[in-house]
$ cat final.cif   # mmCIF, C-alpha atoms
data_work
loop_
_atom_site.label_atom_id
_atom_site.label_comp_id
_atom_site.auth_asym_id
_atom_site.auth_seq_id
_atom_site.Cartn_x
_atom_site.Cartn_y
_atom_site.Cartn_z
CA MET A 1 0.00 0.00 0.00
CA LYS A 2 1.29 3.44 -0.91
CA PRO A 3 2.26 5.80 1.97
CA PHE A 4 -0.42 8.45 1.30
CA PRO A 5 -3.43 6.10 1.17
CA LEU A 6 -2.10 4.35 4.30
CA PHE A 7 -1.90 7.70 6.11
CA MET A 8 -5.46 8.55 5.06
CA LEU A 9 -6.72 5.18 6.28
CA ILE A 10 -5.03 5.66 9.65
CA LEU A 11 -6.50 9.18 9.90
CA LEU A 12 -9.99 7.89 9.06
CA CYS A 13 -9.77 5.16 11.69
CA TRP A 14 -8.62 7.69 14.25
CA ALA A 15 -11.48 10.04 13.38
CA CYS A 16 -14.03 7.24 13.69
CA SER A 17 -12.61 6.23 17.05
CA ILE A 18 -13.10 9.69 18.55
CA MET A 19 -16.48 10.51 16.99
CA PRO A 20 -18.58 8.92 19.76
CA VAL A 21 -16.70 10.97 22.35
CA GLN A 22 -17.32 14.18 20.41
CA ALA A 23 -20.99 13.31 19.86
CA GLU A 24 -21.52 12.91 23.60
CA ARG A 25 -19.80 16.18 24.45
CA MET A 26 -22.24 18.89 25.49
CA GLU A 27 -21.14 22.50 25.30
CA PRO A 28 -22.66 24.82 27.88
CA ALA A 29 -25.12 27.37 26.56
CA PRO A 30 -23.72 30.87 26.03
CA LYS A 31 -24.29 33.16 28.99
CA ASP A 32 -26.29 35.50 26.77
CA ILE A 33 -29.06 32.95 26.28
CA GLU A 34 -28.81 30.53 29.21
CA LYS A 35 -31.42 32.48 31.19
CA LEU A 36 -33.76 33.09 28.25
CA ASP A 37 -36.95 31.08 28.06
CA VAL A 38 -40.46 31.02 26.64
CA LEU A 39 -43.17 31.04 29.31
CA GLU A 40 -46.24 29.77 27.52
CA HIS A 41 -49.43 31.73 28.17
CA LEU A 42 -51.87 29.56 26.27
CA ASP A 43 -55.37 31.00 25.86
CA SER A 44 -54.22 34.35 27.28
CA LYS A 45 -55.46 37.51 25.60
CA LEU A 46 -52.82 39.67 23.93
CA PRO A 47 -52.74 43.43 24.68
CA LEU A 48 -54.43 44.49 21.45
CA ASP A 49 -54.30 48.21 22.33
CA LEU A 50 -50.50 48.42 21.97
CA VAL A 51 -49.39 51.05 19.44
CA PHE A 52 -46.85 50.41 16.65
CA LEU A 53 -45.90 51.70 13.21
CA ASP A 54 -46.59 49.58 10.14
CA SER A 55 -44.21 49.26 7.19
CA LYS A 56 -45.68 52.44 5.63
CA GLY A 57 -45.15 54.57 8.72
CA LYS A 58 -48.82 54.55 9.72
CA GLN A 59 -49.69 54.33 13.41
CA VAL A 60 -51.59 51.14 14.13
CA THR A 61 -52.59 49.00 17.09
CA LEU A 62 -51.99 45.29 17.40
CA GLY A 63 -55.75 44.83 17.45
CA ASP A 64 -56.00 46.12 13.88
CA TYR A 65 -54.85 42.67 12.74
CA PHE A 66 -57.27 40.68 14.87
CA LYS A 67 -60.61 42.02 13.67
CA LYS A 68 -60.97 39.60 10.80
CA ASP A 69 -62.47 36.15 10.97
CA ARG A 70 -59.14 34.34 10.62
CA PRO A 71 -56.13 33.36 12.76
CA VAL A 72 -52.87 35.31 13.04
CA ILE A 73 -49.29 34.04 13.04
CA LEU A 74 -47.34 36.31 15.40
CA SER A 75 -43.56 36.55 15.73
CA LEU A 76 -40.91 38.71 17.40
CA ASN A 77 -37.99 39.40 15.05
CA TYR A 78 -35.77 42.29 13.96
CA SER A 79 -34.42 43.21 10.56
CA ASN A 80 -30.73 43.42 11.51
CA CYS A 81 -30.68 39.94 13.03
CA PRO A 82 -27.52 38.29 11.64
CA MET A 83 -28.95 34.79 11.23
CA LEU A 84 -31.76 33.35 13.38
CA CYS A 85 -34.62 35.61 12.23
CA SER A 86 -33.75 34.99 8.60
CA LEU A 87 -33.66 31.23 9.12
CA GLN A 88 -36.95 31.25 10.99
CA LEU A 89 -38.86 33.47 8.56
CA THR A 90 -37.48 31.69 5.50
CA ALA A 91 -38.58 28.34 6.96
CA LEU A 92 -42.02 29.78 7.73
CA VAL A 93 -42.45 31.10 4.18
CA ARG A 94 -41.46 27.72 2.74
CA GLY A 95 -43.99 25.98 4.97
CA LEU A 96 -46.77 28.44 4.12
CA LYS A 97 -46.09 28.07 0.39
CA GLU A 98 -47.04 24.40 0.68
CA LEU A 99 -50.50 25.29 2.02
CA GLU A 100 -53.41 25.80 -0.33
CA TRP A 101 -54.51 28.66 1.93
CA SER A 102 -53.15 32.15 1.38
CA ALA A 103 -52.16 35.10 3.55
CA ASP A 104 -54.79 37.88 3.59
CA GLN A 105 -57.45 35.27 2.88
CA GLN A 106 -57.29 32.46 5.45
CA TYR A 107 -54.69 33.93 7.86
CA ASP A 108 -52.42 36.93 8.54
CA PHE A 109 -48.77 37.11 9.52
CA VAL A 110 -47.54 39.80 11.92
CA SER A 111 -43.87 40.30 12.81
CA VAL A 112 -43.01 42.86 15.49
CA SER A 113 -39.43 44.10 15.72
CA ILE A 114 -37.79 43.80 19.13
CA ASP A 115 -35.35 46.56 18.13
CA PRO A 116 -36.82 49.96 19.13
CA LYS A 117 -34.33 51.67 16.79
CA GLU A 118 -35.71 49.91 13.71
CA THR A 119 -37.42 52.29 11.31
CA TYR A 120 -40.56 51.59 9.33
CA GLN A 121 -38.52 51.96 6.13
CA ARG A 122 -36.27 49.12 7.25
CA ALA A 123 -39.30 47.06 8.24
CA ASN A 124 -40.76 47.63 4.78
CA LEU A 125 -37.61 46.28 3.11
CA THR A 126 -37.86 43.16 5.26
CA LYS A 127 -41.52 42.76 4.36
CA GLN A 128 -40.77 43.01 0.66
CA LYS A 129 -38.01 40.42 0.98
CA TYR A 130 -40.24 37.72 2.46
CA PHE A 131 -43.27 38.63 0.40
CA LYS A 132 -41.11 38.14 -2.69
CA GLU A 133 -40.07 34.72 -1.37
CA TYR A 134 -43.71 33.86 -0.71
CA ASP A 135 -44.41 34.70 -4.37
CA ARG A 136 -48.20 34.56 -4.30
CA ALA A 137 -50.00 37.40 -6.04
CA GLY A 138 -52.73 39.32 -4.26
CA THR A 139 -51.57 38.43 -0.73
CA ALA A 140 -49.45 41.45 0.25
CA GLY A 141 -52.22 42.62 2.59
CA GLY A 142 -51.63 39.58 4.80
CA TRP A 143 -47.98 40.37 5.60
CA HIS A 144 -47.36 42.92 8.36
CA PHE A 145 -43.97 44.02 9.72
CA LEU A 146 -44.27 46.44 12.63
CA CYS A 147 -41.85 48.53 14.67
CA GLY A 148 -42.39 50.60 17.78
CA GLN A 149 -41.19 52.05 21.04
CA GLN A 150 -39.57 49.99 23.76
CA ALA A 151 -42.59 50.19 26.09
CA SER A 152 -44.90 48.56 23.54
CA ILE A 153 -42.32 45.94 22.59
CA THR A 154 -41.70 45.02 26.23
CA LYS A 155 -45.42 44.68 27.03
CA LEU A 156 -46.02 42.52 23.98
CA ALA A 157 -43.03 40.25 24.70
CA GLU A 158 -44.20 39.79 28.30
CA ALA A 159 -47.72 38.95 27.15
CA MET A 160 -46.33 36.46 24.64
CA GLY A 161 -44.03 34.98 27.29
CA VAL A 162 -41.00 35.43 25.03
CA GLN A 163 -37.79 36.51 26.74
CA TYR A 164 -34.95 38.21 24.90
CA ASN A 165 -31.77 40.09 25.77
CA TYR A 166 -29.68 42.81 24.14
CA ILE A 167 -25.96 42.02 23.92
CA GLU A 168 -24.20 45.37 24.12
CA GLU A 169 -20.74 44.28 22.98
CA ARG A 170 -22.15 42.61 19.86
CA LYS A 171 -24.99 45.05 19.22
CA GLU A 172 -27.32 42.08 18.77
CA TYR A 173 -30.39 40.58 20.41
CA ALA A 174 -30.40 37.06 21.82
CA HIS A 175 -33.88 35.60 21.43
CA PRO A 176 -35.63 32.24 20.93
CA ALA A 177 -37.00 31.00 17.61
CA VAL A 178 -40.73 30.76 18.27
CA LEU A 179 -43.98 31.58 16.49
CA LEU A 180 -47.36 32.11 18.10
CA ILE A 181 -50.56 30.98 16.41
CA CYS A 182 -53.36 33.24 17.66
CA THR A 183 -57.14 33.15 17.45
CA PRO A 184 -59.04 35.85 15.53
CA ASP A 185 -59.97 37.56 18.81
CA GLY A 186 -56.33 37.78 19.96
CA ARG A 187 -55.85 34.78 22.25
CA ILE A 188 -52.72 32.61 22.15
CA SER A 189 -53.62 29.22 20.72
CA ARG A 190 -50.28 27.51 20.05
CA TYR A 191 -46.49 27.98 20.26
CA LEU A 192 -44.36 26.61 17.40
CA TYR A 193 -40.63 26.37 18.00
CA GLY A 194 -37.52 26.08 15.85
CA ILE A 195 -36.68 26.85 12.24
CA GLY A 196 -38.69 24.13 10.54
CA PHE A 197 -42.45 24.26 10.07
CA PRO A 198 -43.94 21.21 8.31
CA LYS A 199 -47.08 21.69 6.27
CA GLN A 200 -49.24 19.53 8.54
CA THR A 201 -48.12 21.35 11.68
CA LEU A 202 -48.93 24.77 10.24
CA LYS A 203 -52.23 23.58 8.80
CA LEU A 204 -53.53 21.94 11.96
CA ALA A 205 -52.35 24.85 14.12
CA LEU A 206 -54.28 27.30 11.93
CA VAL A 207 -57.38 25.09 11.92
CA GLU A 208 -57.17 24.83 15.70
CA ALA A 209 -56.73 28.59 16.16
CA SER A 210 -59.62 29.37 13.82
CA GLU A 211 -61.83 27.02 15.86
CA GLY A 212 -62.81 25.22 12.69
CA LYS A 213 -63.74 28.37 10.76
CA ILE A 214 -61.15 27.66 8.10
CA GLY A 215 -60.33 24.30 6.61
CA SER A 216 -62.46 21.48 5.31
CA THR A 217 -64.32 18.77 7.20
CA ILE A 218 -61.33 16.53 6.61
CA ASP A 219 -59.01 19.12 8.22
CA ARG A 220 -61.20 19.25 11.34
CA PHE A 221 -61.31 15.45 11.35
CA LEU A 222 -57.49 15.36 11.28
CA LEU A 223 -57.36 17.83 14.16
CA PHE A 224 -59.49 15.39 16.16
CA CYS A 225 -57.03 12.60 15.37
CA PHE A 226 -53.89 14.59 16.17
CA HIS A 227 -52.68 16.42 19.25
CA TYR A 228 -49.78 18.85 19.54
CA ASP A 229 -46.59 17.27 20.89
CA ALA A 230 -44.71 20.15 22.52
CA ASP A 231 -41.54 18.08 22.91
CA LYS A 232 -41.35 17.35 19.19
CA GLY A 233 -42.91 20.61 18.05
CA ARG A 234 -45.49 18.99 15.80
CA TYR A 235 -48.89 17.31 15.79
CA ALA A 236 -48.81 13.59 16.52
CA PRO A 237 -51.56 10.94 16.29
CA THR A 238 -53.70 10.50 19.39
CA ALA A 239 -54.22 6.81 20.16
CA ARG A 240 -57.39 7.44 22.16
CA ASN A 241 -59.07 9.41 19.39
CA ILE A 242 -57.99 6.93 16.74
CA MET A 243 -59.50 4.13 18.87
CA LYS A 244 -62.72 6.14 19.18
CA ILE A 245 -62.85 6.60 15.45
CA GLY A 246 -62.10 2.90 14.95
CA GLY A 247 -64.95 2.00 17.28
CA PHE A 248 -67.31 4.40 15.53
CA ALA A 249 -66.30 2.97 12.15
CA THR A 250 -66.98 -0.55 13.41
CA VAL A 251 -70.45 0.43 14.66
CA PHE A 252 -71.12 2.27 11.41
CA ILE A 253 -70.16 -0.73 9.29
CA LEU A 254 -72.26 -3.08 11.45
CA THR A 255 -75.27 -0.76 11.40
CA VAL A 256 -75.23 0.55 7.86
CA VAL A 257 -73.62 -2.26 5.91
CA LEU A 258 -73.55 -5.68 7.58
CA ILE A 259 -76.89 -5.73 9.42
CA PRO A 260 -78.91 -4.81 6.30
CA TYR A 261 -76.85 -7.33 4.36
CA TRP A 262 -77.57 -10.08 6.90
CA ARG A 263 -81.27 -9.19 6.99
CA GLY A 264 -81.44 -9.23 3.21
CA ARG A 265 -79.68 -12.55 3.07
CA LYS A 266 -82.00 -14.00 5.71
CA GLY A 267 -84.99 -12.75 3.74
CA ARG A 268 -83.67 -14.34 0.55
CA VAL A 269 -83.15 -17.67 2.33
CA GLN A 270 -86.68 -17.57 3.74
CA LEU A 271 -88.07 -16.71 0.29
CA GLU A 272 -86.12 -19.54 -1.31
CA THR A 273 -87.41 -21.95 1.37
CA ILE A 274 -91.03 -20.91 0.82
CA THR A 275 -90.60 -21.09 -2.94
CA GLY A 276 -89.06 -24.57 -2.66
CA GLN A 277 -91.91 -25.79 -0.48
CA THR A 278 -94.45 -24.38 -2.93
CA HIS A 279 -92.81 -26.23 -5.82
CA GLU A 280 -92.89 -29.49 -3.82
CA VAL A 281 -96.62 -29.15 -3.07
CA THR A 282 -97.38 -28.23 -6.67
CA GLY A 283 -95.32 -31.12 -8.01
CA GLY A 284 -96.91 -33.60 -5.62
CA SER A 285 -100.43 -32.64 -6.65
#
$ encode --input "final.cif" --output "structure tokens"
Amino acid sequence: MKPFPLFMLILLCWACSIMPVQAERMEPAPKDIEKLDVLEHLDSKLPLDLVFLDSKGKQVTLGDYFKKDRPVILSLNYSNCPMLCSLQLTALVRGLKELEWSADQQYDFVSVSIDPKETYQRANLTKQKYFKEYDRAGTAGGWHFLCGQQASITKLAEAMGVQYNYIEERKEYAHPAVLLICTPDGRISRYLYGIGFPKQTLKLALVEASEGKIGSTIDRFLLFCFHYDADKGRYAPTARNIMKIGGFATVFILTVVLIPYWRGRKGRVQLETITGQTHEVTGGS
């Protein structure tokens, strides 16, 4: 064997031997985020009277986006975020593009900047970026990027239960990646974590938040079958509900299909018996 391939083989074996050790190694969380958390306030009402500026510089309240008969996806982000916000919003757009429902028709998306120095012009550029990625005509009215003063931002973050921290030396905000799915009247229905949002998770979360006002009968049926698994961040099958449906299906089949079939078969047998007896009497006479 030539020297170079032999060296590479030895290096590969060495790498494989230390991989399990590296995989088990757990780095401590950075001090900037180790105390940050999300305190879920499910079914709590958001402070809809908080004042912000929209991406056109118009003064609005949070409640302006909760008067329609559809759910709202709510997020805390900021335009100068170096990485996490972009990853989260890009993943959200990709997930929403897979839905047959559209923003400004079946749901709205509202992103509030946690940076009080962010201008509405900067927020508008961010809106245009993600609306372009969404690439669905006639839906611009469903995308809202707001900015505001620190007092409003703080009150909203506290109501959402989302903690964040400004890192002075880096001029950045440490914050969790989380979306809130809210009911049309401004209550918190569901928290979705991470930077991946599967189609089914988004769809069922929106159906749940809308209290069945959007989605088909099949969508509401699926919501009955699935429950939200907070540990995995997605909807998972519910054994109890599936068993209920299985029992209902069994009763339905027995009642609607098999019992009439058995009765019909019994009637045919009785008719054949009577007919046979009639033939015997007729033949004997």
$ residues_around --input "final.cif" --residues "Ser189 (chain A)" --least-positions-apart "4" --cutoff "12 Å" --atoms "only C-alpha atoms" --output "list of chain:residue names"
A:Glu40, A:His41, A:Leu42, A:Asp43, A:Ser44, A:Lys45, A:Leu46, A:Pro71, A:Val72, A:Ile73, A:Leu74, A:Met160, A:Leu179, A:Leu180, A:Ile181, A:Cys182, A:Thr183, A:Pro184, A:Asp185, A:Leu204, A:Ala205, A:Leu206, A:Val207, A:Glu208, A:Ala209, A:Ser210, A:Glu211, A:Tyr228
$ atom_distance --input "final.cif" --atom1 "CA of Tyr120 (chain A)" --atom2 "CA of Thr139 (chain A)"
19.9 Å
$ closest_residue --input "final.cif" --among "A:Lys97, A:Arg190, A:Lys132, A:Lys155" --to "Pro47 (chain A)" --atoms "all atoms listed in the file"
A:Lys155
$ residues_around --input "final.cif" --residues "Pro82 (chain A)" --least-positions-apart "4" --cutoff "10 Å" --atoms "only C-alpha atoms" --output "list in words"
Tyr78, Ser86, Leu87, Glu172 and Tyr173 of chain A
$ residues_near_point --input "final.cif" --point "(-38.7, 39.0, 15.7)" --cutoff "9 Å" --atoms "only C-alpha atoms" --output "list of chain:residue names"
A:Ser75, A:Leu76, A:Asn77, A:Tyr78, A:Ser79, A:Cys81, A:Cys85, A:Ser111, A:Val112, A:Ser113, A:Ile114, A:Asp115, A:His175, A:Ala177, A:Val178
$ resolve_selection --input "final.cif" --expression "the PyMOL selection byres ((chain A and resi 202) around 9)" --output "MDAnalysis selection string"
chainID A and resid 92 95:96 99 181 192 197:201 203:207 234
$ write_last_selection --input "final.cif" --atoms "C-alpha atoms" --output "compact mmCIF listing (two decimals), in the frame of the given file"
# COMPACT_ATOMS: atom_id res chain seq x y z
CA LEU A 92 -42.02 29.78 7.73
CA GLY A 95 -43.99 25.98 4.97
CA LEU A 96 -46.77 28.44 4.12
CA LEU A 99 -50.50 25.29 2.02
CA ILE A 181 -50.56 30.98 16.41
CA LEU A 192 -44.36 26.61 17.40
CA PHE A 197 -42.45 24.26 10.07
CA PRO A 198 -43.94 21.21 8.31
CA LYS A 199 -47.08 21.69 6.27
CA GLN A 200 -49.24 19.53 8.54
CA THR A 201 -48.12 21.35 11.68
CA LYS A 203 -52.23 23.58 8.80
CA LEU A 204 -53.53 21.94 11.96
CA ALA A 205 -52.35 24.85 14.12
CA LEU A 206 -54.28 27.30 11.93
CA VAL A 207 -57.38 25.09 11.92
CA ARG A 234 -45.49 18.99 15.80
$ closest_residue --input "final.cif" --among "A:Glu118, A:Asp37, A:Glu98, A:Asp69" --to "Ala157 (chain A)" --atoms "all atoms listed in the file"
A:Asp37
$ atom_distance --input "final.cif" --atom1 "CA of Leu146 (chain A)" --atom2 "CA of Asp54 (chain A)"
4.6 Å
$ closest_residue --input "final.cif" --among "A:Ala137, A:Tyr130, A:Val51, A:Val162" --to "Gln88 (chain A)" --atoms "all atoms listed in the file"
A:Tyr130
$ resolve_selection --input "final.cif" --expression "the PyMOL selection byres ((chain A and resi 104) around 10)" --output "number ranges by chain"
A: 68, 70, 72, 101-103, 105-109, 138-143
$ atom_distance --input "final.cif" --atom1 "CA of Arg187 (chain A)" --atom2 "CA of Phe52 (chain A)"
18.9 Å
$ closest_residue --input "final.cif" --among "A:Thr126, A:Gly186, A:Ala91, A:Asn165" --to "Leu62 (chain A)" --atoms "all atoms listed in the file"
A:Gly186
$ closest_residue --input "final.cif" --among "A:Lys171, A:Arg136, A:Lys129, A:Arg122" --to "Ser55 (chain A)" --atoms "all atoms listed in the file"
A:Arg122
